[in-house]
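Asker: For reference, the file upload.json (JSON, C-alpha atoms) is included below:
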```json
[["chain", "number", "residue", "atom", "x", "y", "z"],
["A", 1, "MET", "CA", 21.66, -7.60, -25.39],
["A", 2, "PRO", "CA", 23.20, -6.06, -22.28],
["A", 3, "SER", "CA", 22.19, -7.68, -19.02],
["A", 4, "LEU", "CA", 19.44, -6.15, -16.92],
["A", 5, "GLU", "CA", 19.75, -5.56, -13.21],
["A", 6, "PRO", "CA", 16.91, -7.51, -11.55],
["A", 7, "ALA", "CA", 14.42, -5.00, -10.19],
["A", 8, "GLU", "CA", 11.90, -4.94, -7.38],
["A", 9, "ILE", "CA", 8.80, -2.75, -7.57],
["A", 10, "THR", "CA", 6.20, -2.20, -4.87],
["A", 11, "ALA", "CA", 2.85, -0.99, -6.16],
["A", 12, "GLY", "CA", 0.36, -0.67, -3.32],
["A", 13, "ARG", "CA", -0.59, -4.16, -2.18],
["A", 14, "LEU", "CA", 1.61, -5.82, -4.81],
["A", 15, "HIS", "CA", 5.34, -6.45, -4.77],
["A", 16, "LEU", "CA", 7.00, -7.44, -8.03],
["A", 17, "ARG", "CA", 10.37, -9.10, -7.60],
["A", 18, "PRO", "CA", 12.68, -11.58, -9.29],
["A", 19, "TRP", "CA", 11.89, -15.24, -8.71],
["A", 20, "ARG", "CA", 13.58, -16.90, -5.74],
["A", 21, "PRO", "CA", 14.38, -20.59, -5.17],
["A", 22, "TYR", "CA", 11.66, -20.92, -2.53],
["A", 23, "ASP", "CA", 9.03, -19.99, -5.18],
["A", 24, "VAL", "CA", 9.37, -23.35, -6.97],
["A", 25, "ASP", "CA", 6.59, -25.11, -5.06],
["A", 26, "ALA", "CA", 4.18, -22.17, -5.36],
["A", 27, "VAL", "CA", 4.80, -21.93, -9.14],
["A", 28, "HIS", "CA", 4.28, -25.66, -9.56],
["A", 29, "LEU", "CA", 1.04, -25.55, -7.57],
["A", 30, "ALA", "CA", -0.32, -22.46, -9.38],
["A", 31, "CYS", "CA", 0.41, -23.96, -12.79],
["A", 32, "GLN", "CA", -1.76, -27.01, -12.06],
["A", 33, "ASP", "CA", -4.77, -24.72, -12.57],
["A", 34, "PRO", "CA", -6.69, -25.70, -15.74],
["A", 35, "GLN", "CA", -7.20, -22.03, -16.73],
["A", 36, "ILE", "CA", -3.45, -21.36, -16.72],
["A", 37, "ALA", "CA", -2.87, -24.55, -18.70],
["A", 38, "LEU", "CA", -5.60, -23.66, -21.22],
["A", 39, "TRP", "CA", -4.30, -20.23, -22.24],
["A", 40, "ASN", "CA", -0.53, -20.17, -21.70],
["A", 41, "ARG", "CA", 2.61, -21.39, -23.42],
["A", 42, "LEU", "CA", 3.67, -23.47, -20.40],
["A", 43, "PRO", "CA", 4.59, -27.14, -20.79],
["A", 44, "GLN", "CA", 1.66, -29.50, -20.25],
["A", 45, "PRO", "CA", 1.40, -31.28, -17.96],
["A", 46, "TYR", "CA", 3.37, -28.84, -15.82],
["A", 47, "GLN", "CA", 5.78, -30.81, -13.64],
["A", 48, "ARG", "CA", 7.80, -29.72, -10.62],
["A", 49, "ALA", "CA", 10.91, -29.99, -12.83],
["A", 50, "ASP", "CA", 9.34, -27.35, -15.13],
["A", 51, "ALA", "CA", 8.91, -24.99, -12.16],
["A", 52, "GLU", "CA", 12.51, -25.62, -11.09],
["A", 53, "SER", "CA", 13.79, -24.96, -14.61],
["A", 54, "PHE", "CA", 11.84, -21.69, -14.83],
["A", 55, "VAL", "CA", 12.59, -20.32, -11.36],
["A", 56, "LEU", "CA", 16.20, -21.50, -11.00],
["A", 57, "ARG", "CA", 17.49, -21.22, -14.57],
["A", 58, "ALA", "CA", 15.26, -19.54, -17.18],
["A", 59, "ALA", "CA", 14.18, -16.51, -15.14],
["A", 60, "PRO", "CA", 17.69, -15.56, -13.93],
["A", 61, "ALA", "CA", 19.05, -16.16, -17.46],
["A", 62, "ALA", "CA", 16.49, -13.75, -18.98],
["A", 63, "TRP", "CA", 17.67, -10.96, -16.68],
["A", 64, "ALA", "CA", 21.36, -11.82, -17.24],
["A", 65, "GLU", "CA", 20.96, -11.95, -21.04],
["A", 66, "GLY", "CA", 18.80, -8.79, -21.15],
["A", 67, "THR", "CA", 16.00, -10.58, -23.00],
["A", 68, "GLY", "CA", 13.33, -10.59, -20.30],
["A", 69, "THR", "CA", 12.16, -9.35, -16.93],
["A", 70, "PRO", "CA", 10.37, -12.23, -15.20],
["A", 71, "PHE", "CA", 8.68, -11.01, -12.03],
["A", 72, "ALA", "CA", 6.94, -12.91, -9.27],
["A", 73, "VAL", "CA", 3.89, -10.88, -8.22],
["A", 74, "VAL", "CA", 3.42, -11.38, -4.50],
["A", 75, "ASP", "CA", 1.31, -9.87, -1.76],
["A", 76, "ALA", "CA", 3.39, -6.99, -0.38],
["A", 77, "THR", "CA", 2.57, -8.02, 3.20],
["A", 78, "THR", "CA", 2.36, -11.81, 3.20],
["A", 79, "GLU", "CA", 4.65, -12.69, 0.23],
["A", 80, "GLN", "CA", 1.92, -15.06, -1.05],
["A", 81, "LEU", "CA", 2.40, -15.73, -4.78],
["A", 82, "LEU", "CA", -0.41, -14.07, -6.72],
["A", 83, "ALA", "CA", 0.79, -14.03, -10.33],
["A", 84, "SER", "CA", 3.62, -14.06, -12.81],
["A", 85, "ILE", "CA", 4.37, -11.21, -15.21],
["A", 86, "ALA", "CA", 7.23, -10.53, -17.57],
["A", 87, "LEU", "CA", 8.43, -8.45, -20.43],
["A", 88, "ILE", "CA", 9.79, -11.05, -22.85],
["A", 89, "ASP", "CA", 11.69, -11.04, -26.12],
["A", 90, "ILE", "CA", 13.13, -7.60, -25.40],
["A", 91, "SER", "CA", 14.83, -6.39, -28.57],
["A", 92, "VAL", "CA", 17.65, -3.95, -29.21],
["A", 93, "SER", "CA", 15.12, -1.84, -31.13],
["A", 94, "GLY", "CA", 13.13, -1.24, -27.91],
["A", 95, "GLU", "CA", 10.27, -3.68, -28.31],
["A", 96, "ALA", "CA", 9.01, -6.34, -25.92],
["A", 97, "GLU", "CA", 6.02, -8.56, -25.37],
["A", 98, "ILE", "CA", 4.14, -8.75, -22.06],
["A", 99, "GLY", "CA", 3.06, -12.09, -20.68],
["A", 100, "TYR", "CA", 1.28, -13.04, -17.47],
["A", 101, "TRP", "CA", -0.76, -15.57, -15.55],
["A", 102, "CYS", "CA", -2.74, -15.21, -12.32],
["A", 103, "ALA", "CA", -3.01, -17.80, -9.55],
["A", 104, "ALA", "CA", -6.59, -19.00, -9.08],
["A", 105, "GLN", "CA", -6.96, -17.59, -5.55],
["A", 106, "ALA", "CA", -5.97, -14.09, -6.74],
["A", 107, "ARG", "CA", -8.40, -13.78, -9.65],
["A", 108, "GLY", "CA", -11.11, -11.16, -9.60],
["A", 109, "GLN", "CA", -9.07, -8.80, -7.42],
["A", 110, "GLY", "CA", -7.45, -6.60, -10.09],
["A", 111, "VAL", "CA", -4.01, -8.15, -9.52],
["A", 112, "ILE", "CA", -3.14, -8.59, -13.19],
["A", 113, "SER", "CA", -4.49, -5.18, -14.23],
["A", 114, "GLN", "CA", -2.39, -3.50, -11.54],
["A", 115, "ALA", "CA", 0.69, -5.57, -12.41],
["A", 116, "VAL", "CA", 0.35, -4.86, -16.16],
["A", 117, "THR", "CA", -0.03, -1.12, -15.52],
["A", 118, "THR", "CA", 3.03, -1.19, -13.24],
["A", 119, "VAL", "CA", 5.24, -3.20, -15.59],
["A", 120, "THR", "CA", 4.35, -1.22, -18.70],
["A", 121, "ARG", "CA", 5.05, 2.06, -16.91],
["A", 122, "TRP", "CA", 8.37, 0.65, -15.65],
["A", 123, "GLY", "CA", 9.26, -0.75, -19.10],
["A", 124, "PHE", "CA", 8.75, 2.60, -20.77],
["A", 125, "GLY", "CA", 10.49, 4.57, -18.01],
["A", 126, "ALA", "CA", 13.32, 2.40, -16.70],
["A", 127, "LEU", "CA", 14.04, 0.42, -19.86],
["A", 128, "GLY", "CA", 13.18, 3.07, -22.43],
["A", 129, "LEU", "CA", 10.99, 0.71, -24.46],
["A", 130, "ALA", "CA", 9.29, 2.09, -27.57],
["A", 131, "ARG", "CA", 6.53, -0.56, -27.88],
["A", 132, "ILE", "CA", 5.08, -3.27, -25.66],
["A", 133, "GLU", "CA", 3.06, -5.91, -27.42],
["A", 134, "TRP", "CA", 0.31, -8.08, -25.96],
["A", 135, "ARG", "CA", -0.91, -11.36, -27.43],
["A", 136, "ALA", "CA", -3.59, -13.77, -26.26],
["A", 137, "ALA", "CA", -5.29, -16.78, -27.78],
["A", 138, "VAL", "CA", -8.63, -15.89, -29.34],
["A", 139, "GLY", "CA", -11.22, -16.73, -26.70],
["A", 140, "ASN", "CA", -9.10, -15.68, -23.71],
["A", 141, "ASP", "CA", -11.60, -12.96, -22.84],
["A", 142, "ALA", "CA", -10.10, -12.32, -19.37],
["A", 143, "SER", "CA", -6.74, -11.40, -20.92],
["A", 144, "LEU", "CA", -8.49, -9.25, -23.52],
["A", 145, "ARG", "CA", -10.34, -7.32, -20.78],
["A", 146, "VAL", "CA", -7.04, -6.75, -18.91],
["A", 147, "ALA", "CA", -5.38, -5.44, -22.09],
["A", 148, "GLN", "CA", -8.25, -3.07, -22.79],
["A", 149, "ARG", "CA", -8.41, -1.83, -19.18],
["A", 150, "THR", "CA", -4.69, -1.15, -19.07],
["A", 151, "GLY", "CA", -4.59, 0.95, -22.23],
["A", 152, "PHE", "CA", -3.50, -1.51, -24.90],
["A", 153, "THR", "CA", -4.87, -0.92, -28.39],
["A", 154, "VAL", "CA", -6.14, -4.16, -29.88],
["A", 155, "GLU", "CA", -4.76, -4.18, -33.41],
["A", 156, "GLY", "CA", -6.23, -7.36, -34.83],
["A", 157, "THR", "CA", -6.04, -11.12, -35.05],
["A", 158, "LEU", "CA", -3.05, -13.16, -36.22],
["A", 159, "ARG", "CA", -3.96, -16.50, -37.76],
["A", 160, "GLN", "CA", -2.34, -19.56, -36.16],
["A", 161, "ALA", "CA", 0.37, -17.32, -34.66],
["A", 162, "LEU", "CA", 0.45, -18.65, -31.10],
["A", 163, "ILE", "CA", 1.63, -22.08, -30.00],
["A", 164, "LEU", "CA", 0.24, -23.03, -26.60],
["A", 165, "GLY", "CA", 1.97, -25.29, -24.08],
["A", 166, "ASP", "CA", 0.14, -28.38, -25.30],
["A", 167, "GLY", "CA", 1.43, -27.79, -28.83],
["A", 168, "ARG", "CA", -1.81, -26.41, -30.28],
["A", 169, "ARG", "CA", -1.34, -23.63, -32.84],
["A", 170, "VAL", "CA", -4.15, -21.07, -32.40],
["A", 171, "ASP", "CA", -5.25, -17.70, -33.66],
["A", 172, "CYS", "CA", -4.34, -14.84, -31.34],
["A", 173, "TRP", "CA", -5.33, -11.29, -30.69],
["A", 174, "ILE", "CA", -2.53, -8.76, -30.81],
["A", 175, "GLY", "CA", -2.33, -5.32, -29.29],
["A", 176, "SER", "CA", 0.22, -2.79, -28.15],
["A", 177, "ARG", "CA", 0.99, 0.16, -25.93],
["A", 178, "LEU", "CA", 3.35, 2.97, -26.81],
["A", 179, "PRO", "CA", 4.95, 5.37, -24.33],
["A", 180, "THR", "CA", 2.96, 8.19, -25.97],
["A", 181, "ASP", "CA", -0.40, 6.48, -25.37],
["A", 182, "PRO", "CA", -2.52, 8.07, -22.65],
["A", 183, "PRO", "CA", -2.31, 6.21, -19.34],
["A", 184, "PRO", "CA", -5.36, 4.37, -18.07],
["A", 185, "THR", "CA", -7.57, 7.03, -16.48],
["A", 186, "ALA", "CA", -8.01, 5.26, -13.15],
["A", 187, "LEU", "CA", -6.99, 2.11, -11.39],
["A", 188, "PRO", "CA", -8.42, -0.56, -13.68],
["A", 189, "PRO", "CA", -11.61, -2.23, -12.47],
["A", 190, "ARG", "CA", -11.33, -5.74, -11.09],
["A", 191, "GLU", "CA", -11.41, -8.67, -13.45],
["A", 192, "PRO", "CA", -14.54, -10.80, -13.12],
["A", 193, "ARG", "CA", -14.08, -14.21, -11.55]]
```
Spit out the file's structure as C-alpha cells when you get a sec.

Answerer:
Amino acid sequence: MPSLEPAEITAGRLHLRPWRPYDVDAVHLACQDPQIALWNRLPQPYQRADAESFVLRAAPAAWAEGTGTPFAVVDATTEQLLASIALIDISVSGEAEIGYWCAAQARGQGVISQAVTTVTRWGFGALGLARIEWRAAVGNDASLRVAQRTGFTVEGTLRQALILGDGRRVDCWIGSRLPTDPPPTALPPREPR
C-alpha cells in the first residue's frame, strides 16, 4: 500500500489529528475505563507501555504503510482528548473498517457520531474508498446506535468473528456505508450516557 499523508480535520468543536507523543498519558488514562476495556480489541490490562506502543509506533506506522488512519479526536479549543477513531485494514481494493472508542468524560455529547460522520466522509472523498465496514460485539448497543445514526446499514451478525482485547471470541454485528448511500439527514443526536 502507498503511504498516506497524515491528515488533520477540524469539524466544528472537534479536531481530528494524528497522535502525538504527548498523548501517551491521556490514552493510557482513557483506556483504564471499564467500558473501553469491555468492548474493544485493546490489550487487557492496558498498560502505559501499550499506550506508548500505539502512539509512538503503531499509529505512525499505519499512516506510513497506508494501512490505517489513526486519529486522536480532541476538543478543537482545549486539545483535551475526547476519543480515538481510525480507518483500519485499508485495502488496495478500496475497503476499510472503522474503529473507535470514546473517553468516559466525553460520552453522551455526540462526539463519536460527529467523528464517524467526519471520517467516513473524508474516507470516501480524500481516500476514494468504496466501502467502509463497521463491526461491534453483540451487546455493544452504544456502538450500534452510533452506526445507525451515522448511516451505516447493519447487515447481520457474524458468529465468533471478533476477538476482544482479553482474548474472548464473540459474535459481532457487521454493517457498512458506501459512498452512494445517502448522508445522515442531520447532525446525529447525542449518544445516551

Asker: From the set A:Arg107, A:Gly165, A:Thr117, A:Arg20, which residue has the shortest atom-to-atom contact distance to Arg57 of chain A, counting all atoms listed in the file?

Answerer: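 With all atoms listed in the file as the atom set, the closest residue is A:Arg20.
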
Asker: Enter the distance from atom CA of Glu8 of chain A to atom CA of Ile174 of chain A, in Å, rounded to one decimal.

Answerer: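 Value for the atom CA of Glu8 of chain A-atom CA of Ile174 of chain A distance: 27.8 Å.
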
Asker: Report, in Å with one decimal, the straight-line distance from atom CA of Gly139 of chain A to atom CA of Gly94 of chain A.

Answerer: 28.9 Å

Asker: Provide the atom CA of Glu133 of chain A to atom CA of Cys102 of chain A distance in Å, to one decimal place.

Answerer: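 Answer for the atom CA of Glu133 of chain A to atom CA of Cys102 of chain A separation: 18.7 Å.
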
Asker: With only C-alpha atoms as the atoms that count, which of A:Arg169, A:Arg41, A:Arg131, A:Arg145 lies nearest to Gly99 of chain A?

Answerer: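 Residue with the minimum atom-to-atom distance to Gly99 of chain A: A:Arg41.
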
Asker: Counting all atoms listed in the file, which residue out of A:Ile112, A:Leu178, A:Val119, A:Gly128 sits closest to Arg149 of chain A?

Answerer: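 For Arg149 of chain A, the nearest of the candidates is A:Ile112.
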
Asker: Can you pull out every residue within 9 Å of Ile85 of chain A, counting all atoms listed in the file, but drop anything in the same chain fewer than 6 positions away, and send it as number ranges by chain?

Answerer: A: 16, 69-73, 98-102, 112, 115-116, 119

Asker: For Arg168 of chain A, work out the shell of residues within 12 Å, counting all atoms listed in the file and skipping chain neighbours fewer than 3 positions away, then give it as a PyMOL selection string.

Answerer: chain A and resi 37-44+137+160-165+171-172

Asker: May I ask which of the residues A:Glu95, A:Asp75, A:Glu65, A:Glu52 is the closest one to Thr10 of chain A, counting all atoms listed in the file?

Answerer: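 Among the listed residues, A:Asp75 lies closest to Thr10 of chain A.
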
Asker: Using only C-alpha atoms, can you tell me which of A:Pro60, A:Gly12, A:Pro34, A:Pro2 comes closest to Ala76 of chain A?

Answerer: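 Closest candidate: A:Gly12.
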
Asker: Could you check which of A:Ala142, A:Ala136, A:Ala61, A:Leu87 is closest to Thr120 of chain A, using only C-alpha atoms?

Answerer: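 Smallest distance to Thr120 of chain A is found for A:Leu87.
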
Asker: Can you tell me, as a list in words, what residues are no more than 12 Å from Thr67 of chain A when counting all atoms listed in the file, ignoring any on the same chain fewer than 6 positions away?

Answerer: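 Once the adjacent positions are removed, what remains is Met1, Pro2, Ser3, Leu4, Glu5, Pro6, Ala58, Ala59, Pro60, Ala61, Ala86, Leu87, Ile88, Asp89, Ile90, Ser91, Val92, Ser93, Gly94, Glu95, Ala96, Glu97 and Leu127 of chain A.
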